[in-house]
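Heads up, upload_5.pdb below (PDB, C-alpha atoms):
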```
ATOM      1  CA  MET D   1      17.281  -0.475  10.226
ATOM      2  CA  THR D   2      14.593  -3.160  10.335
ATOM      3  CA  ASP D   3      14.957  -6.327   8.287
ATOM      4  CA  PHE D   4      11.910  -6.160   6.017
ATOM      5  CA  LEU D   5      11.637  -9.919   5.560
ATOM      6  CA  ASP D   6      11.705 -10.563   9.318
ATOM      7  CA  LEU D   7       9.098  -7.857   9.802
ATOM      8  CA  LEU D   8       6.727  -9.496   7.326
ATOM      9  CA  LYS D   9       7.355 -13.044   8.525
ATOM     10  CA  ASN D  10       6.585 -12.060  12.127
ATOM     11  CA  ASN D  11       3.400 -10.143  11.327
ATOM     12  CA  PRO D  12       0.534 -12.319  10.040
ATOM     13  CA  TYR D  13      -1.633  -9.356   9.093
ATOM     14  CA  PRO D  14      -0.150  -5.915   8.342
ATOM     15  CA  GLY D  15      -3.082  -5.401   5.948
ATOM     16  CA  ARG D  16      -1.923  -3.283   3.025
ATOM     17  CA  GLY D  17       1.620  -1.944   2.849
ATOM     18  CA  ILE D  18       3.795   0.470   0.874
ATOM     19  CA  ALA D  19       7.593   0.311   0.820
ATOM     20  CA  VAL D  20       9.579   2.965  -1.047
ATOM     21  CA  GLY D  21      13.328   2.816  -1.712
ATOM     22  CA  ARG D  22      15.888   4.392  -3.979
ATOM     23  CA  ASN D  23      15.152   2.286  -7.051
ATOM     24  CA  ARG D  24      12.235   0.104  -6.028
ATOM     25  CA  VAL D  25       8.670   0.270  -4.766
ATOM     26  CA  TYR D  26       6.509  -2.436  -3.226
ATOM     27  CA  TYR D  27       2.765  -2.402  -2.602
ATOM     28  CA  PHE D  28       0.950  -5.441  -1.221
ATOM     29  CA  ILE D  29      -2.579  -6.298  -0.194
ATOM     30  CA  MET D  30      -3.735  -8.954   2.244
ATOM     31  CA  GLY D  31      -7.184 -10.197   3.200
ATOM     32  CA  ARG D  32      -9.033 -11.986   5.957
ATOM     33  CA  SER D  33     -12.523 -12.033   4.424
ATOM     34  CA  ALA D  34     -13.565 -13.872   1.254
ATOM     35  CA  ASN D  35     -14.386 -10.511  -0.333
ATOM     36  CA  SER D  36     -10.904  -9.120   0.323
ATOM     37  CA  ARG D  37      -9.166 -12.293  -0.817
ATOM     38  CA  ASN D  38     -11.090 -12.396  -4.095
ATOM     39  CA  ARG D  39      -8.711  -9.994  -5.862
ATOM     40  CA  ILE D  40      -5.825  -9.787  -8.280
ATOM     41  CA  PHE D  41      -3.588  -6.986  -9.571
ATOM     42  CA  THR D  42      -3.766  -6.240 -13.304
ATOM     43  CA  LEU D  43      -1.750  -3.824 -15.424
ATOM     44  CA  THR D  44      -3.267  -0.621 -16.821
ATOM     45  CA  GLU D  45      -1.849   2.007 -19.178
ATOM     46  CA  ASP D  46      -0.633   4.148 -16.278
ATOM     47  CA  GLY D  47      -0.165   1.612 -13.457
ATOM     48  CA  ILE D  48      -2.253  -1.161 -11.956
ATOM     49  CA  ARG D  49      -5.736  -1.783 -10.610
ATOM     50  CA  THR D  50      -7.321  -4.306  -8.309
ATOM     51  CA  GLN D  51      -9.791  -6.599  -9.989
ATOM     52  CA  ALA D  52     -12.135  -9.301  -8.744
ATOM     53  CA  HIS D  53     -10.719 -12.740  -9.454
ATOM     54  CA  ASP D  54     -14.268 -14.145  -9.516
ATOM     55  CA  PRO D  55     -16.770 -11.314 -10.213
ATOM     56  CA  SER D  56     -19.697 -13.503  -9.122
ATOM     57  CA  LYS D  57     -18.353 -13.562  -5.549
ATOM     58  CA  VAL D  58     -17.978  -9.801  -5.051
ATOM     59  CA  GLU D  59     -19.948  -8.633  -2.019
ATOM     60  CA  ASP D  60     -18.978  -4.950  -1.744
ATOM     61  CA  PRO D  61     -16.575  -3.423  -4.281
ATOM     62  CA  SER D  62     -16.399   0.036  -2.689
ATOM     63  CA  LEU D  63     -13.196  -0.415  -0.675
ATOM     64  CA  ILE D  64     -11.503  -3.300  -2.492
ATOM     65  CA  LEU D  65     -11.525  -2.280  -6.177
ATOM     66  CA  TYR D  66      -9.414   0.755  -7.061
ATOM     67  CA  HIS D  67      -6.234   1.883  -8.829
ATOM     68  CA  PRO D  68      -3.350   1.490  -6.353
ATOM     69  CA  VAL D  69      -0.697   2.814  -8.753
ATOM     70  CA  ARG D  70      -0.836   5.591 -11.336
ATOM     71  CA  GLN D  71       2.044   7.233 -13.182
ATOM     72  CA  THR D  72       1.529  10.975 -13.640
ATOM     73  CA  PRO D  73       3.732  13.805 -14.951
ATOM     74  CA  ARG D  74       4.228  14.917 -11.350
ATOM     75  CA  GLY D  75       5.303  11.490 -10.107
ATOM     76  CA  LEU D  76       4.364   7.882  -9.367
ATOM     77  CA  ILE D  77       1.392   7.645  -7.002
ATOM     78  CA  VAL D  78       0.904   4.543  -4.835
ATOM     79  CA  THR D  79      -1.994   4.208  -2.378
ATOM     80  CA  ASN D  80      -4.320   1.700  -0.748
ATOM     81  CA  GLY D  81      -7.547   3.195  -2.081
ATOM     82  CA  ASP D  82      -9.312   5.532  -4.468
ATOM     83  CA  GLN D  83      -7.333   8.467  -3.068
ATOM     84  CA  THR D  84      -4.928   7.618  -5.889
ATOM     85  CA  ASP D  85      -7.340   9.350  -8.231
ATOM     86  CA  THR D  86      -7.830  12.304  -5.867
ATOM     87  CA  ILE D  87      -4.070  12.912  -5.818
ATOM     88  CA  ARG D  88      -3.842  12.580  -9.587
ATOM     89  CA  ASP D  89      -6.806  14.872 -10.258
ATOM     90  CA  LEU D  90      -5.779  17.660  -7.858
ATOM     91  CA  GLY D  91      -2.104  17.448  -8.785
ATOM     92  CA  ASP D  92      -0.900  18.164  -5.251
ATOM     93  CA  PHE D  93      -0.182  15.306  -2.814
ATOM     94  CA  ARG D  94      -0.870  17.095   0.457
ATOM     95  CA  LYS D  95      -3.716  19.269  -0.779
ATOM     96  CA  ALA D  96      -5.470  16.188  -2.177
ATOM     97  CA  LEU D  97      -5.115  14.158   1.024
ATOM     98  CA  MET D  98      -6.423  17.037   3.135
ATOM     99  CA  THR D  99      -9.764  16.361   1.407
ATOM    100  CA  ARG D 100      -9.770  12.665   2.384
ATOM    101  CA  GLU D 101      -9.883  10.662   5.606
ATOM    102  CA  TYR D 102      -9.679   7.067   6.873
ATOM    103  CA  GLU D 103     -11.942   4.401   5.402
ATOM    104  CA  PRO D 104     -15.540   4.194   6.753
ATOM    105  CA  ASP D 105     -15.252   0.568   7.868
ATOM    106  CA  ALA D 106     -16.011   0.779  11.595
ATOM    107  CA  PRO D 107     -14.773  -0.515  13.973
ATOM    108  CA  ASN D 108     -11.421  -0.816  12.153
ATOM    109  CA  PHE D 109     -11.450   2.601  10.470
ATOM    110  CA  THR D 110      -8.704   1.401   8.149
ATOM    111  CA  PRO D 111      -6.065   4.101   7.546
ATOM    112  CA  ARG D 112      -5.455   5.415   4.068
ATOM    113  CA  ILE D 113      -1.759   5.117   3.239
ATOM    114  CA  SER D 114      -0.251   6.923   0.261
ATOM    115  CA  ALA D 115       3.062   7.675  -1.405
ATOM    116  CA  ILE D 116       4.293   9.812  -4.264
ATOM    117  CA  LEU D 117       7.708   9.381  -5.875
ATOM    118  CA  TYR D 118       9.010  12.461  -7.647
ATOM    119  CA  PRO D 119      11.224  12.310 -10.761
ATOM    120  CA  GLY D 120      14.260  13.682  -8.907
ATOM    121  CA  GLY D 121      14.291  10.885  -6.313
ATOM    122  CA  ALA D 122      12.488  12.604  -3.444
ATOM    123  CA  PHE D 123       9.281  11.048  -2.141
ATOM    124  CA  GLU D 124       6.486  11.602   0.356
ATOM    125  CA  LEU D 125       4.499   9.173   2.479
ATOM    126  CA  SER D 126       1.227   9.799   4.282
ATOM    127  CA  ILE D 127      -1.199   8.054   6.588
ATOM    128  CA  LEU D 128      -4.740   9.227   7.394
ATOM    129  CA  LYS D 129      -6.102   7.501  10.476
ATOM    130  CA  HIS D 130      -8.899   7.600  13.012
ATOM    131  CA  ARG D 131      -8.184   9.085  16.410
ATOM    132  CA  ASP D 132     -10.800  10.125  18.992
ATOM    133  CA  GLY D 133     -13.506  10.472  16.365
ATOM    134  CA  ARG D 134     -11.376  12.700  14.123
ATOM    135  CA  CYS D 135      -8.954  12.246  11.258
ATOM    136  CA  LEU D 136      -5.248  12.493  12.027
ATOM    137  CA  ARG D 137      -3.296  13.278   8.852
ATOM    138  CA  GLU D 138       0.442  12.614   8.957
ATOM    139  CA  PHE D 139       2.937  13.461   6.192
ATOM    140  CA  PHE D 140       6.581  12.442   5.847
ATOM    141  CA  CYS D 141       8.880  13.940   3.210
ATOM    142  CA  TYR D 142      12.205  12.393   2.174
ATOM    143  CA  GLU D 143      14.848  13.860  -0.115
ATOM    144  CA  GLY D 144      15.707  10.318  -1.212
ATOM    145  CA  CYS D 145      17.451   7.390   0.469
ATOM    146  CA  ASP D 146      20.542   5.223   0.185
ATOM    147  CA  GLU D 147      20.826   2.101  -1.930
ATOM    148  CA  GLY D 148      19.355  -0.938  -0.183
ATOM    149  CA  LYS D 149      17.249   1.130   2.220
ATOM    150  CA  GLY D 150      13.565   1.994   2.175
ATOM    151  CA  TYR D 151      10.667   3.309   4.242
ATOM    152  CA  PHE D 152       7.545   1.320   5.042
ATOM    153  CA  LEU D 153       3.967   2.098   6.029
ATOM    154  CA  SER D 154       1.165  -0.418   6.539
ATOM    155  CA  THR D 155      -2.452  -0.027   7.472
ATOM    156  CA  TYR D 156      -2.216  -2.161  10.622
ATOM    157  CA  GLN D 157       0.300  -2.972  13.322
ATOM    158  CA  GLY D 158      -0.865  -6.586  13.202
ATOM    159  CA  ASP D 159      -3.920  -8.777  13.593
ATOM    160  CA  GLY D 160      -6.640  -8.038  16.139
ATOM    161  CA  SER D 161     -10.269  -7.080  16.654
ATOM    162  CA  PRO D 162     -10.576  -4.236  15.972
ATOM    163  CA  LEU D 163      -7.415  -4.095  13.875
ATOM    164  CA  PRO D 164      -4.788  -1.772  15.416
ATOM    165  CA  SER D 165      -3.741   1.073  13.098
ATOM    166  CA  PHE D 166      -0.096   1.597  12.164
ATOM    167  CA  SER D 167       1.598   3.880  14.678
ATOM    168  CA  GLY D 168       4.631   6.162  14.497
ATOM    169  CA  GLU D 169       6.916   7.195  11.671
ATOM    170  CA  PRO D 170       7.477   5.013   8.586
ATOM    171  CA  LEU D 171       9.908   2.226   9.403
ATOM    172  CA  GLU D 172      13.399   2.339   7.945
ATOM    173  CA  ILE D 173      13.805  -1.066   6.295
ATOM    174  CA  THR D 174      16.021  -3.184   4.078
ATOM    175  CA  MET D 175      14.793  -3.565   0.487
ATOM    176  CA  PRO D 176      15.169  -7.211  -0.574
ATOM    177  CA  GLU D 177      14.284  -8.754  -3.918
ATOM    178  CA  PRO D 178      10.614  -9.059  -4.963
ATOM    179  CA  GLU D 179      10.523 -12.861  -4.762
ATOM    180  CA  ALA D 180      11.715 -12.744  -1.164
ATOM    181  CA  VAL D 181       9.100 -10.155  -0.208
ATOM    182  CA  TRP D 182       6.315 -12.250  -1.725
ATOM    183  CA  ALA D 183       7.554 -15.377   0.061
ATOM    184  CA  ALA D 184       7.751 -13.539   3.406
ATOM    185  CA  LEU D 185       4.090 -12.469   3.400
ATOM    186  CA  ASN D 186       1.770 -14.688   5.415
ATOM    187  CA  PRO D 187       0.682 -17.507   3.051
ATOM    188  CA  ASP D 188      -2.902 -17.580   4.330
ATOM    189  CA  ASN D 189      -3.549 -13.834   4.193
ATOM    190  CA  LYS D 190      -1.491 -12.538   1.273
ATOM    191  CA  VAL D 191      -3.371 -11.652  -1.910
ATOM    192  CA  SER D 192      -1.188  -9.638  -4.315
ATOM    193  CA  LEU D 193       2.138  -7.801  -4.577
ATOM    194  CA  TYR D 194       3.226  -5.012  -6.932
ATOM    195  CA  ALA D 195       6.984  -4.673  -7.338
ATOM    196  CA  ARG D 196       8.720  -1.938  -9.341
ATOM    197  CA  VAL D 197      12.481  -2.390  -9.597
ATOM    198  CA  ASN D 198      14.468  -0.017 -11.800
ATOM    199  CA  ASP D 199      11.211   0.888 -13.597
ATOM    200  CA  GLN D 200      10.439  -2.777 -14.329
ATOM    201  CA  VAL D 201       7.089  -3.968 -12.932
ATOM    202  CA  ILE D 202       6.407  -7.468 -11.596
ATOM    203  CA  LEU D 203       2.997  -8.590 -10.301
ATOM    204  CA  TYR D 204       2.358 -11.501  -7.945
ATOM    205  CA  ASN D 205      -1.176 -12.855  -7.446
ATOM    206  CA  LYS D 206      -2.007 -15.708  -5.119
ATOM    207  CA  ASN D 207      -5.260 -16.376  -6.972
ATOM    208  CA  LEU D 208      -3.315 -16.898 -10.203
ATOM    209  CA  GLY D 209      -0.974 -19.411  -8.596
ATOM    210  CA  ASP D 210       2.044 -17.128  -8.067
TER
END
```
So, in terms of structure tokens, how does the structure I just supplied come out?
Amino acid sequence: MTDFLDLLKNNPYPGRGIAVGRNRVYYFIMGRSANSRNRIFTLTEDGIRTQAHDPSKVEDPSLILYHPVRQTPRGLIVTNGDQTDTIRDLGDFRKALMTREYEPDAPNFTPRISAILYPGGAFELSILKHRDGRCLREFFCYEGCDEGKGYFLSTYQGDGSPLPSFSGEPLEITMPEPEAVWAALNPDNKVSLYARVNDQVILYNKNLGD
């Protein structure tokens, strides 16, 4: 099992990441450009959304403003893009993601990462990524996990040009406390963190001084 804090401390730019455990969920966003860094997480009635910290500085909202988290009767949806709404609207995790593909941001072709947590404790993770000009869709289904353990997907393996997409199965990780996760993210690149622990939500936003 990988130490989650060591993983984050040793990777300056995993991009966006989802970690799902038995009683907690983490979703973070990072940014290298001014446009990506100009964001905060705000609460909504059914989850959270990304919002421009300074609306006057927004260059292109298409891939940076979305609802990362939505609670639905079928389960809690967590993603790195507007596929959150596709999953909610179609009501079927896999069927919805079969209609989507990686982000159109060549040359990075950022993967779309998604998770759904079902009421009974089972969960699914998915990554849609570019490979040889086509979309590779991978799905991972878990019947739950032990206390203190989680599974992690990020958009990138690390920094680079172009950015290298995450590869392989979701990593089996430790699930530390929210404050430790926020502190472990690269201080220059981190933007926001959503933490849900025992159904209690905590938001961290660099632009708000957290």
Enumerate, in order of chain and increasing residue number, the residues of segment 9-106 of chain D with an atom no farther than 6 Å from segment 127-150 of chain D, each with its shortest atom pair and distance in Å to one decimal, counting all atoms listed in the file, as CSV.
```
residue,atom,partner,partner_atom,distance
D:Val20,CA,D:Gly150,CA,5.2
D:Gly21,CA,D:Gly150,CA,4.0
D:Arg22,CA,D:Cys145,CA,5.6
D:Glu101,CA,D:Leu128,CA,5.6
D:Tyr102,CA,D:Lys129,CA,5.1
```
Can I get the selected residues back with C-alpha atoms, as a PDB file, in the coordinates of the input?
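The resulting file, selection_34.pdb, is reproduced below:
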```
ATOM      1  CA  VAL D  20       9.579   2.965  -1.047  1.00  0.00           C
ATOM      2  CA  GLY D  21      13.328   2.816  -1.712  1.00  0.00           C
ATOM      3  CA  ARG D  22      15.888   4.392  -3.979  1.00  0.00           C
ATOM      4  CA  GLU D 101      -9.883  10.662   5.606  1.00  0.00           C
ATOM      5  CA  TYR D 102      -9.679   7.067   6.873  1.00  0.00           C
TER       6      TYR D 102
END
```
Item to check | Selected residue, from D:Gln83, D:Ser165, D:Asn198, D:Ser36, that lies nearest to His53 of chain D when counting all atoms listed in the file | outcome: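 Among D:Gln83, D:Ser165, D:Asn198, D:Ser36, it is D:Ser36 that comes nearest to His53 of chain D.
For the residues D:Lys95, D:Asn207, D:Thr2, D:Asn11, ranking by smallest atom-to-atom distance to Leu185 of chain D using only C-alpha atoms places D:Asn11 first.
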Checklist entry - Near segment 156-160 of chain D, within 9 Å and counting all atoms listed in the file, which residues show up once chain neighbours fewer than 4 positions away are dropped, as a list in words? => result Asn11, Pro12, Tyr13, Pro14, Gly15, Arg16, Gly17, Thr110, Pro111, Pro164, Ser165, Phe166 and Ser167 of chain D
Can you write out the residues you just picked, keeping C-alpha atoms, as a CSV table (one decimal), in the coordinates of the input?
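Writing done, so here's result18.csv:
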```csv
chain,number,residue,atom,x,y,z
D,11,ASN,CA,3.4,-10.1,11.3
D,12,PRO,CA,0.5,-12.3,10.0
D,13,TYR,CA,-1.6,-9.4,9.1
D,14,PRO,CA,-0.2,-5.9,8.3
D,15,GLY,CA,-3.1,-5.4,5.9
D,16,ARG,CA,-1.9,-3.3,3.0
D,17,GLY,CA,1.6,-1.9,2.8
D,110,THR,CA,-8.7,1.4,8.1
D,111,PRO,CA,-6.1,4.1,7.5
D,164,PRO,CA,-4.8,-1.8,15.4
D,165,SER,CA,-3.7,1.1,13.1
D,166,PHE,CA,-0.1,1.6,12.2
D,167,SER,CA,1.6,3.9,14.7
```
Checklist entry - Hey, what comes out of the PyMOL selection byres ((chain D and resi 54) around 12) on this file? Could you write it as an MDAnalysis selection string? => result chainID D and resid 34:40 51:53 55:59 207:208
Long-range neighbours of Tyr66 of chain D as a JSON list (two decimals) with C-alpha atoms, keeping the file's coordinate frame, 6 Å cut-off, only C-alpha atoms, 5 positions minimum in chain:
```json
[["chain", "number", "residue", "atom", "x", "y", "z"],
["D", 49, "ARG", "CA", -5.74, -1.78, -10.61],
["D", 50, "THR", "CA", -7.32, -4.31, -8.31],
["D", 81, "GLY", "CA", -7.55, 3.20, -2.08],
["D", 82, "ASP", "CA", -9.31, 5.53, -4.47]]
```
For segment 24-139 of chain D versus segment 186-194 of chain D, which residues have an atom no more than 7 Å away, and what is each residue's nearest atom pair and distance in Å rounded to one decimal, using all atoms listed in the file, chain-then-number order, as CSV?
```
residue,atom,partner,partner_atom,distance
D:Tyr26,CA,D:Tyr194,CA,5.6
D:Tyr27,CA,D:Tyr194,CA,5.1
D:Phe28,CA,D:Leu193,CA,4.3
D:Ile29,CA,D:Ser192,CA,5.5
D:Met30,CA,D:Lys190,CA,4.3
D:Gly31,CA,D:Asn189,CA,5.2
D:Arg32,CA,D:Asn189,CA,6.0
D:Arg37,CA,D:Val191,CA,5.9
D:Arg39,CA,D:Val191,CA,6.8
D:Ile40,CA,D:Ser192,CA,6.1
D:Phe41,CA,D:Ser192,CA,6.4
```
Next on the checklist: Evaluated on this file, the PyMOL selection byres ((chain D and resi 92) around 12) picks out some residues - which ones are they, written as a PyMOL selection string?
Outcome noted: chain D and resi 72-75+77+83-91+93-99+115-116+118+124
Checklist entry - When the PyMOL selection byres ((chain D and resi 179) around 10) is applied to the file above, which residues end up in the set, as a VMD selection string? => result chain D and resid 176 to 178 180 to 184 193 195 202 204
Next on the checklist: What does the structure give for the distance between atom CA of Leu5 of chain D and atom CA of Leu65 of chain D, in Å to one decimal?
Outcome noted: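 Going from atom CA of Leu5 of chain D over to atom CA of Leu65 of chain D covers 27.1 Å.
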Draw an axis-aligned box over all listed atoms of segment 177-191 of chain D, pad each side with 6 Å, and write its centre and edge lengths in Å, one decimal, as AutoDock Vina command-line options.
```
--center_x 5.4 --center_y -13.2 --center_z 0.2 --size_x 29.8 --size_y 20.8 --size_z 22.4
```
Checklist entry - Nearest to Asn80 of chain D among D:Ile18, D:Ala122, D:Leu8, D:Leu117, with distances taken over all atoms listed in the file: which residue is it? => result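 Of all the options, D:Ile18 lies closest to Asn80 of chain D.
Atom to atom, atom CA of Gln200 of chain D and atom CA of Gly120 of chain D stand 17.7 Å apart.
The space separating atom CA of Tyr151 of chain D from atom CA of Ser126 of chain D comes to 11.5 Å.
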Item to check | Given only C-alpha atoms as the counted atoms, nearest of D:Glu45, D:Val69, D:Arg100, D:Val78 to Phe123 of chain D | outcome: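 Closest to Phe123 of chain D of all the choices is D:Val78.
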